[in-house]
>>> print(open('query-v3.cif').read())   # mmCIF, C-alpha atoms
data_structure
loop_
_atom_site.label_atom_id
_atom_site.label_comp_id
_atom_site.auth_asym_id
_atom_site.auth_seq_id
_atom_site.Cartn_x
_atom_site.Cartn_y
_atom_site.Cartn_z
CA MET L 13 8.52 62.66 70.55
CA THR L 14 5.06 63.68 69.22
CA ALA L 15 2.53 61.46 67.50
CA ARG L 16 3.22 63.34 64.24
CA THR L 17 6.95 62.62 64.55
CA ASP L 18 6.23 58.97 65.33
CA ARG L 19 4.15 58.66 62.20
CA ILE L 20 6.91 60.25 60.09
CA VAL L 21 9.50 57.88 61.52
CA ILE L 22 7.26 54.84 60.94
CA LEU L 23 6.43 55.89 57.39
CA GLY L 24 10.11 56.55 56.66
CA ALA L 25 11.11 53.14 57.96
CA ALA L 26 8.39 51.46 55.94
CA PHE L 27 9.51 53.30 52.82
CA LEU L 28 13.15 52.27 53.30
CA ALA L 29 12.11 48.67 53.93
CA GLY L 30 10.07 48.71 50.73
CA VAL L 31 13.03 50.07 48.74
CA ALA L 32 15.32 47.42 50.16
CA LEU L 33 12.82 44.66 49.36
CA CYS L 34 12.42 45.97 45.81
CA LEU L 35 16.19 46.16 45.25
CA GLY L 36 16.62 42.67 46.64
CA GLY L 37 14.02 41.33 44.24
CA ILE L 38 15.68 43.04 41.29
CA LEU L 39 19.10 41.65 42.22
CA LEU L 40 17.68 38.16 42.66
CA LEU L 41 15.91 38.29 39.30
CA THR L 42 18.98 39.71 37.56
CA ASN L 43 21.19 37.01 39.06
CA ARG L 44 18.79 34.31 37.86
CA GLN L 45 18.74 35.79 34.38
CA VAL L 46 22.55 36.02 34.20
CA THR L 47 22.86 32.43 35.43
CA ALA L 48 20.32 31.25 32.87
CA VAL L 49 22.19 32.99 30.06
CA ALA L 50 25.55 31.63 31.23
CA ASN L 51 24.20 28.08 31.37
CA SER L 52 22.33 28.21 28.08
CA VAL L 53 23.55 27.21 24.62
CA SER L 54 22.81 29.69 21.87
CA PRO L 55 20.62 28.53 18.97
CA PHE L 56 23.61 29.01 16.64
CA GLN L 57 25.83 26.76 18.77
CA SER L 58 23.23 24.00 18.96
CA THR L 59 22.71 23.89 15.18
CA VAL L 60 26.32 23.82 13.97
CA GLY L 61 27.79 20.43 13.21
CA GLY L 62 26.22 17.01 12.97
CA PRO L 63 26.52 13.59 11.35
CA PHE L 64 28.54 13.17 8.17
CA GLN L 65 29.87 10.31 6.04
CA LEU L 66 32.93 11.21 4.00
CA VAL L 67 36.24 9.75 2.82
CA ASP L 68 39.72 10.83 3.93
CA GLN L 69 42.86 11.29 1.83
CA GLU L 70 43.74 7.63 2.29
CA GLY L 71 40.38 6.51 0.90
CA ARG L 72 39.09 5.45 4.33
CA ALA L 73 35.44 6.02 5.23
CA THR L 74 35.20 8.66 7.95
CA THR L 75 32.17 9.71 9.98
CA ASP L 76 31.52 12.12 12.82
CA ARG L 77 31.46 9.14 15.18
CA ASP L 78 35.17 8.54 14.54
CA LEU L 79 35.97 11.92 16.11
CA LEU L 80 34.17 11.50 19.41
CA GLY L 81 36.34 11.60 22.52
CA ARG L 82 38.67 14.38 21.44
CA PRO L 83 38.20 18.02 20.44
CA PHE L 84 38.71 18.89 16.79
CA LEU L 85 39.16 21.80 14.42
CA VAL L 86 37.32 21.93 11.10
CA PHE L 87 38.17 24.14 8.15
CA PHE L 88 36.33 24.10 4.82
CA GLY L 89 38.21 24.94 1.63
CA PHE L 90 39.57 23.47 -1.61
CA THR L 91 42.93 22.53 -3.06
CA HIS L 92 42.78 25.09 -5.89
CA CYS L 93 42.33 27.91 -3.38
CA PRO L 94 44.99 30.57 -4.10
CA ASP L 95 45.53 32.15 -0.67
CA VAL L 96 43.09 31.77 2.25
CA CYS L 97 43.15 27.97 2.39
CA PRO L 98 46.91 27.38 2.31
CA THR L 99 47.44 30.25 4.76
CA THR L 100 44.90 28.86 7.22
CA LEU L 101 46.20 25.31 6.92
CA PHE L 102 49.72 26.57 7.56
CA GLU L 103 48.48 28.37 10.69
CA ILE L 104 46.69 25.24 11.92
CA SER L 105 49.88 23.27 11.26
CA GLU L 106 51.86 25.73 13.38
CA VAL L 107 49.40 25.28 16.25
CA LEU L 108 49.68 21.48 16.02
CA ASN L 109 53.46 21.80 16.03
CA ARG L 110 53.31 23.90 19.21
CA LEU L 111 51.11 21.30 20.91
CA GLY L 112 53.84 18.69 20.63
CA SER L 113 52.65 15.32 21.92
CA GLY L 114 49.35 16.98 22.84
CA ALA L 115 48.52 17.11 19.12
CA GLU L 116 47.76 13.37 19.34
CA ARG L 117 44.73 14.23 21.49
CA ILE L 118 43.14 16.58 18.99
CA SER L 119 41.93 16.19 15.40
CA ALA L 120 42.17 18.74 12.60
CA LEU L 121 40.01 18.39 9.49
CA PHE L 122 40.18 20.00 6.07
CA VAL L 123 36.83 19.40 4.37
CA THR L 124 36.62 20.22 0.68
CA VAL L 125 33.90 22.43 -0.78
CA ASP L 126 34.96 21.29 -4.26
CA PRO L 127 34.33 17.53 -4.47
CA GLU L 128 34.42 17.57 -8.27
CA ARG L 129 38.17 18.20 -8.27
CA ASP L 130 39.26 17.22 -4.76
CA THR L 131 39.66 13.45 -4.85
CA PRO L 132 41.32 11.57 -1.99
CA GLN L 133 44.57 11.51 -3.97
CA SER L 134 44.54 15.25 -4.71
CA LEU L 135 43.86 15.95 -1.02
CA LYS L 136 46.74 13.66 -0.07
CA ASP L 137 49.13 15.45 -2.41
CA TYR L 138 47.95 18.86 -1.23
CA LEU L 139 48.15 18.12 2.50
CA SER L 140 51.67 16.69 2.20
CA SER L 141 52.89 20.29 2.59
CA PHE L 142 51.31 20.66 6.04
CA ASN L 143 51.31 18.98 9.44
CA PRO L 144 50.74 15.22 8.96
CA ARG L 145 47.94 15.24 11.53
CA LEU L 146 45.75 17.27 9.19
CA ARG L 147 43.08 15.01 7.74
CA GLY L 148 41.44 15.84 4.41
CA LEU L 149 37.84 14.81 3.75
CA THR L 150 35.90 14.58 0.52
CA GLY L 151 32.91 12.66 -0.83
CA ASP L 152 30.25 12.73 -3.48
CA PRO L 153 28.52 16.10 -4.06
CA ALA L 154 25.46 15.09 -2.03
CA ALA L 155 27.52 14.06 1.00
CA ILE L 156 29.57 17.27 0.84
CA ALA L 157 26.43 19.40 0.44
CA ALA L 158 24.91 17.76 3.53
CA THR L 159 28.06 18.43 5.56
CA LEU L 160 28.20 22.06 4.43
CA LYS L 161 24.58 22.50 5.44
CA SER L 162 25.08 20.99 8.89
CA TYR L 163 28.04 23.31 9.56
CA ARG L 164 26.28 26.32 8.03
CA VAL L 165 29.01 26.75 5.46
CA TYR L 166 28.48 28.93 2.41
CA ALA L 167 30.09 27.63 -0.78
CA LYS L 168 29.45 28.72 -4.37
CA LYS L 169 31.13 27.94 -7.67
CA VAL L 170 32.39 31.06 -9.48
CA PRO L 171 33.08 30.67 -13.21
CA LEU L 172 36.40 31.93 -14.60
CA ASP L 173 37.61 32.59 -18.11
CA GLY L 174 38.46 29.53 -20.16
CA GLY L 175 35.80 27.32 -18.57
CA ASN L 176 37.63 27.06 -15.24
CA TYR L 177 36.15 28.01 -11.89
CA THR L 178 37.00 28.94 -8.32
CA MET L 179 35.00 28.66 -5.10
CA ASP L 180 33.67 31.32 -2.75
CA HIS L 181 33.29 29.82 0.70
CA THR L 182 33.09 30.42 4.43
CA ALA L 183 36.60 30.74 5.87
CA ILE L 184 35.95 29.98 9.54
CA VAL L 185 37.91 27.49 11.63
CA TYR L 186 35.34 25.66 13.77
CA LEU L 187 36.28 24.47 17.24
CA MET L 188 34.27 21.40 18.26
CA ASP L 189 34.39 19.73 21.68
CA LYS L 190 34.91 16.07 22.58
CA ASP L 191 31.21 15.35 22.05
CA GLY L 192 31.15 16.89 18.59
CA ARG L 193 29.40 20.06 19.74
CA PHE L 194 30.33 23.45 18.36
CA VAL L 195 32.25 25.60 20.85
CA ALA L 196 33.07 28.75 18.86
CA PRO L 197 34.88 30.02 15.78
CA PHE L 198 38.57 29.51 16.55
CA ASN L 199 40.24 32.90 16.23
CA MET L 200 43.42 32.34 14.22
CA LYS L 201 44.54 35.98 14.50
CA ARG L 202 46.79 35.16 17.44
CA LYS L 203 50.30 33.81 17.94
CA PRO L 204 50.66 30.01 17.57
CA ASP L 205 51.66 29.64 21.24
CA GLU L 206 48.50 31.47 22.34
CA LEU L 207 46.36 29.30 20.07
CA ALA L 208 47.99 26.14 21.40
CA ALA L 209 47.41 27.25 25.00
CA ASP L 210 43.76 27.89 24.19
CA LEU L 211 43.34 24.43 22.66
CA ARG L 212 44.92 22.71 25.66
CA ARG L 213 41.92 23.81 27.73
CA TYR L 214 39.76 21.39 25.74
CA LEU L 215 42.06 18.36 25.80
#
>>> encode(input="query-v3.cif", output="structure tokens")
Amino acid sequence: MTARTDRIVILGAAFLAGVALCLGGILLLTNRQVTAVANSVSPFQSTVGGPFQLVDQEGRATTDRDLLGRPFLVFFGFTHCPDVCPTTLFEISEVLNRLGSGAERISALFVTVDPERDTPQSLKDYLSSFNPRLRGLTGDPAAIAATLKSYRVYAKKVPLDGGNYTMDHTAIVYLMDKDGRFVAPFNMKRKPDELAADLRRYL
């Protein structure tokens, strides 16, 4: 083998070693980035939810602290809602029914966006048509406004003819973990058995 050939071989080996080192560095960096993303909490997740002080349909004071230790679902609506609210509450009821005894280890909240009309008694009457584990919450306008803000819920009064009104509002079911932290919007566009199986992962 000539000196020229030796140099070519050495240069080729050095080049291949450099490529391998470069690829290894890229893979290591990529893996660290993926791990960091997987272990991080998005800004949206970390800012949804928080302390609240409301009253349930039995007139009992209820705070976020009362829910710690078990996962819970939260849906915001109002008793005069013509379609979305009763449909969603029916779907949540079906999921709780599918959970059987497991439903005792999860909470489900219906928080009003219309505190002017939704008193504890009106919530109690309204929720009597759904699963008894559904808990309705109301409060004075300031307390409700603070809760809506902490959950990033949009709610706006829309005047109707005759001096009446309806409410536009966010129609998301929030899944919160045992520590009161937001997990994700709970996708209700699935069969009740699938939803129940998903919830069991957080019990």
>>> residues_around(input="query-v3.cif", residues="Ser113 (chain L)", least_positions_apart="4", cutoff="12 Å", atoms="only C-alpha atoms", output="number ranges by chain")
L: 107-109, 117-118, 145, 208, 212, 215
>>> write_last_selection(input="query-v3.cif", atoms="C-alpha atoms", output="PDB file, in the coordinates of the input")
ATOM      1  CA  VAL L 107      49.400  25.280  16.250  1.00  0.00           C
ATOM      2  CA  LEU L 108      49.680  21.480  16.020  1.00  0.00           C
ATOM      3  CA  ASN L 109      53.460  21.800  16.030  1.00  0.00           C
ATOM      4  CA  ARG L 117      44.730  14.230  21.490  1.00  0.00           C
ATOM      5  CA  ILE L 118      43.140  16.580  18.990  1.00  0.00           C
ATOM      6  CA  ARG L 145      47.940  15.240  11.530  1.00  0.00           C
ATOM      7  CA  ALA L 208      47.990  26.140  21.400  1.00  0.00           C
ATOM      8  CA  ARG L 212      44.920  22.710  25.660  1.00  0.00           C
ATOM      9  CA  LEU L 215      42.060  18.360  25.800  1.00  0.00           C
TER      10      LEU L 215
END
>>> atom_distance(input="query-v3.cif", atom1="CA of Val96 (chain L)", atom2="CA of Gly112 (chain L)")
25.0 Å
>>> closest_residue(input="query-v3.cif", among="L:Leu121, L:Leu111, L:Leu211, L:Met200", to="Phe88 (chain L)", atoms="only C-alpha atoms")
L:Leu121
>>> resolve_selection(input="query-v3.cif", expression="the PyMOL selection byres ((chain L and resi 178) around 10)", output="list in words")
Phe90, His92, Cys93, Pro94, Asp126, Lys168, Lys169, Val170, Pro171, Leu172, Asn176, Tyr177, Met179, Asp180 and His181 of chain L
>>> resolve_selection(input="query-v3.cif", expression="the PyMOL selection byres ((chain L and resi 133-137) around 9)", output="PyMOL selection string")
chain L and resi 68-71+90-91+122+124+129-132+138-141+147-150
>>> atom_distance(input="query-v3.cif", atom1="CA of Asn143 (chain L)", atom2="CA of Pro127 (chain L)")
22.0 Å
>>> axis_aligned_box(input="query-v3.cif", around="region 72-83 of chain L", padding_each_side="4 Å", output="lines of an AutoDock Vina configuration file")
center_x = 35.3
center_y = 11.7
center_z = 13.4
size_x = 15.6
size_y = 20.6
size_z = 26.2
>>> atom_distance(input="query-v3.cif", atom1="CA of Ser105 (chain L)", atom2="CA of Pro144 (chain L)")
8.4 Å
>>> residues_near_point(input="query-v3.cif", point="(30.5, 19.1, -1.0)", cutoff="8 Å", atoms="all atoms listed in the file", output="PyMOL selection string")
chain L and resi 124-127+150-160
>>> closest_residue(input="query-v3.cif", among="L:Leu66, L:Asp210, L:Ala115, L:Val86", to="Tyr186 (chain L)", atoms="all atoms listed in the file")
L:Val86
>>> resolve_selection(input="query-v3.cif", expression="the PyMOL selection byres ((chain L and resi 75) around 9)", output="ChimeraX atom specification")
/L:63-67,73-74,76-79
>>> closest_residue(input="query-v3.cif", among="L:Lys201, L:Leu187, L:Tyr163, L:Leu101", to="Gly89 (chain L)", atoms="only C-alpha atoms")
L:Leu101
>>> closest_residue(input="query-v3.cif", among="L:Leu80, L:Val60, L:Ala120, L:Met188", to="Phe102 (chain L)", atoms="only C-alpha atoms")
L:Ala120
>>> closest_residue(input="query-v3.cif", among="L:Asn199, L:Thr182, L:Ser162, L:Thr59", to="Phe87 (chain L)", atoms="only C-alpha atoms")
L:Thr182
>>> closest_residue(input="query-v3.cif", among="L:Asp191, L:Glu206, L:Glu103, L:Asp95", to="Gly61 (chain L)", atoms="all atoms listed in the file")
L:Asp191
>>> build_atoms(input="query-v3.cif", residues="region 83-111 of chain L", atoms="N, CA and C atoms", output="tab-separated table (two decimals), keeping the file's coordinate frame")
chain	number	residue	atom	x	y	z
L	83	PRO	N	38.61	16.80	21.14
L	83	PRO	CA	38.20	18.02	20.44
L	83	PRO	C	38.77	18.03	19.02
L	84	PHE	N	38.16	18.80	18.15
L	84	PHE	CA	38.71	18.89	16.79
L	84	PHE	C	38.42	20.23	16.15
L	85	LEU	N	39.31	20.60	15.23
L	85	LEU	CA	39.16	21.80	14.42
L	85	LEU	C	38.68	21.39	13.04
L	86	VAL	N	37.81	22.20	12.45
L	86	VAL	CA	37.32	21.93	11.10
L	86	VAL	C	37.46	23.20	10.26
L	87	PHE	N	38.07	23.03	9.09
L	87	PHE	CA	38.17	24.14	8.15
L	87	PHE	C	37.70	23.66	6.78
L	88	PHE	N	36.87	24.45	6.13
L	88	PHE	CA	36.33	24.10	4.82
L	88	PHE	C	37.05	24.92	3.75
L	89	GLY	N	37.51	24.25	2.70
L	89	GLY	CA	38.21	24.94	1.63
L	89	GLY	C	38.36	24.03	0.42
L	90	PHE	N	39.35	24.31	-0.42
L	90	PHE	CA	39.57	23.47	-1.61
L	90	PHE	C	41.02	23.61	-2.06
L	91	THR	N	41.50	22.60	-2.75
L	91	THR	CA	42.93	22.53	-3.06
L	91	THR	C	43.37	23.55	-4.12
L	92	HIS	N	42.43	24.08	-4.89
L	92	HIS	CA	42.78	25.09	-5.89
L	92	HIS	C	42.68	26.51	-5.32
L	93	CYS	N	42.45	26.61	-4.05
L	93	CYS	CA	42.33	27.91	-3.38
L	93	CYS	C	43.69	28.64	-3.44
L	94	PRO	N	43.71	29.89	-3.90
L	94	PRO	CA	44.99	30.57	-4.10
L	94	PRO	C	45.66	31.12	-2.85
L	95	ASP	N	44.89	31.46	-1.80
L	95	ASP	CA	45.53	32.15	-0.67
L	95	ASP	C	44.97	31.78	0.70
L	96	VAL	N	43.66	31.96	0.91
L	96	VAL	CA	43.09	31.77	2.25
L	96	VAL	C	43.30	30.36	2.76
L	97	CYS	N	43.04	29.37	1.93
L	97	CYS	CA	43.15	27.97	2.39
L	97	CYS	C	44.57	27.57	2.77
L	98	PRO	N	45.55	27.77	1.91
L	98	PRO	CA	46.91	27.38	2.31
L	98	PRO	C	47.41	28.17	3.52
L	99	THR	N	47.01	29.44	3.61
L	99	THR	CA	47.44	30.25	4.76
L	99	THR	C	46.85	29.70	6.05
L	100	THR	N	45.56	29.38	6.02
L	100	THR	CA	44.90	28.86	7.22
L	100	THR	C	45.43	27.50	7.60
L	101	LEU	N	45.66	26.64	6.63
L	101	LEU	CA	46.20	25.31	6.92
L	101	LEU	C	47.62	25.40	7.48
L	102	PHE	N	48.38	26.35	7.00
L	102	PHE	CA	49.72	26.57	7.56
L	102	PHE	C	49.61	27.00	9.03
L	103	GLU	N	48.66	27.91	9.31
L	103	GLU	CA	48.48	28.37	10.69
L	103	GLU	C	48.03	27.24	11.61
L	104	ILE	N	47.12	26.39	11.12
L	104	ILE	CA	46.69	25.24	11.92
L	104	ILE	C	47.88	24.30	12.15
L	105	SER	N	48.70	24.11	11.12
L	105	SER	CA	49.88	23.27	11.26
L	105	SER	C	50.82	23.80	12.34
L	106	GLU	N	51.00	25.12	12.37
L	106	GLU	CA	51.86	25.73	13.38
L	106	GLU	C	51.33	25.48	14.79
L	107	VAL	N	50.01	25.54	14.94
L	107	VAL	CA	49.40	25.28	16.25
L	107	VAL	C	49.64	23.82	16.64
L	108	LEU	N	49.44	22.90	15.72
L	108	LEU	CA	49.68	21.48	16.02
L	108	LEU	C	51.14	21.24	16.37
L	109	ASN	N	52.03	21.93	15.70
L	109	ASN	CA	53.46	21.80	16.03
L	109	ASN	C	53.73	22.27	17.46
L	110	ARG	N	53.10	23.36	17.86
L	110	ARG	CA	53.31	23.90	19.21
L	110	ARG	C	52.74	22.97	20.28
L	111	LEU	N	51.72	22.21	19.93
L	111	LEU	CA	51.11	21.30	20.91
L	111	LEU	C	52.00	20.11	21.24
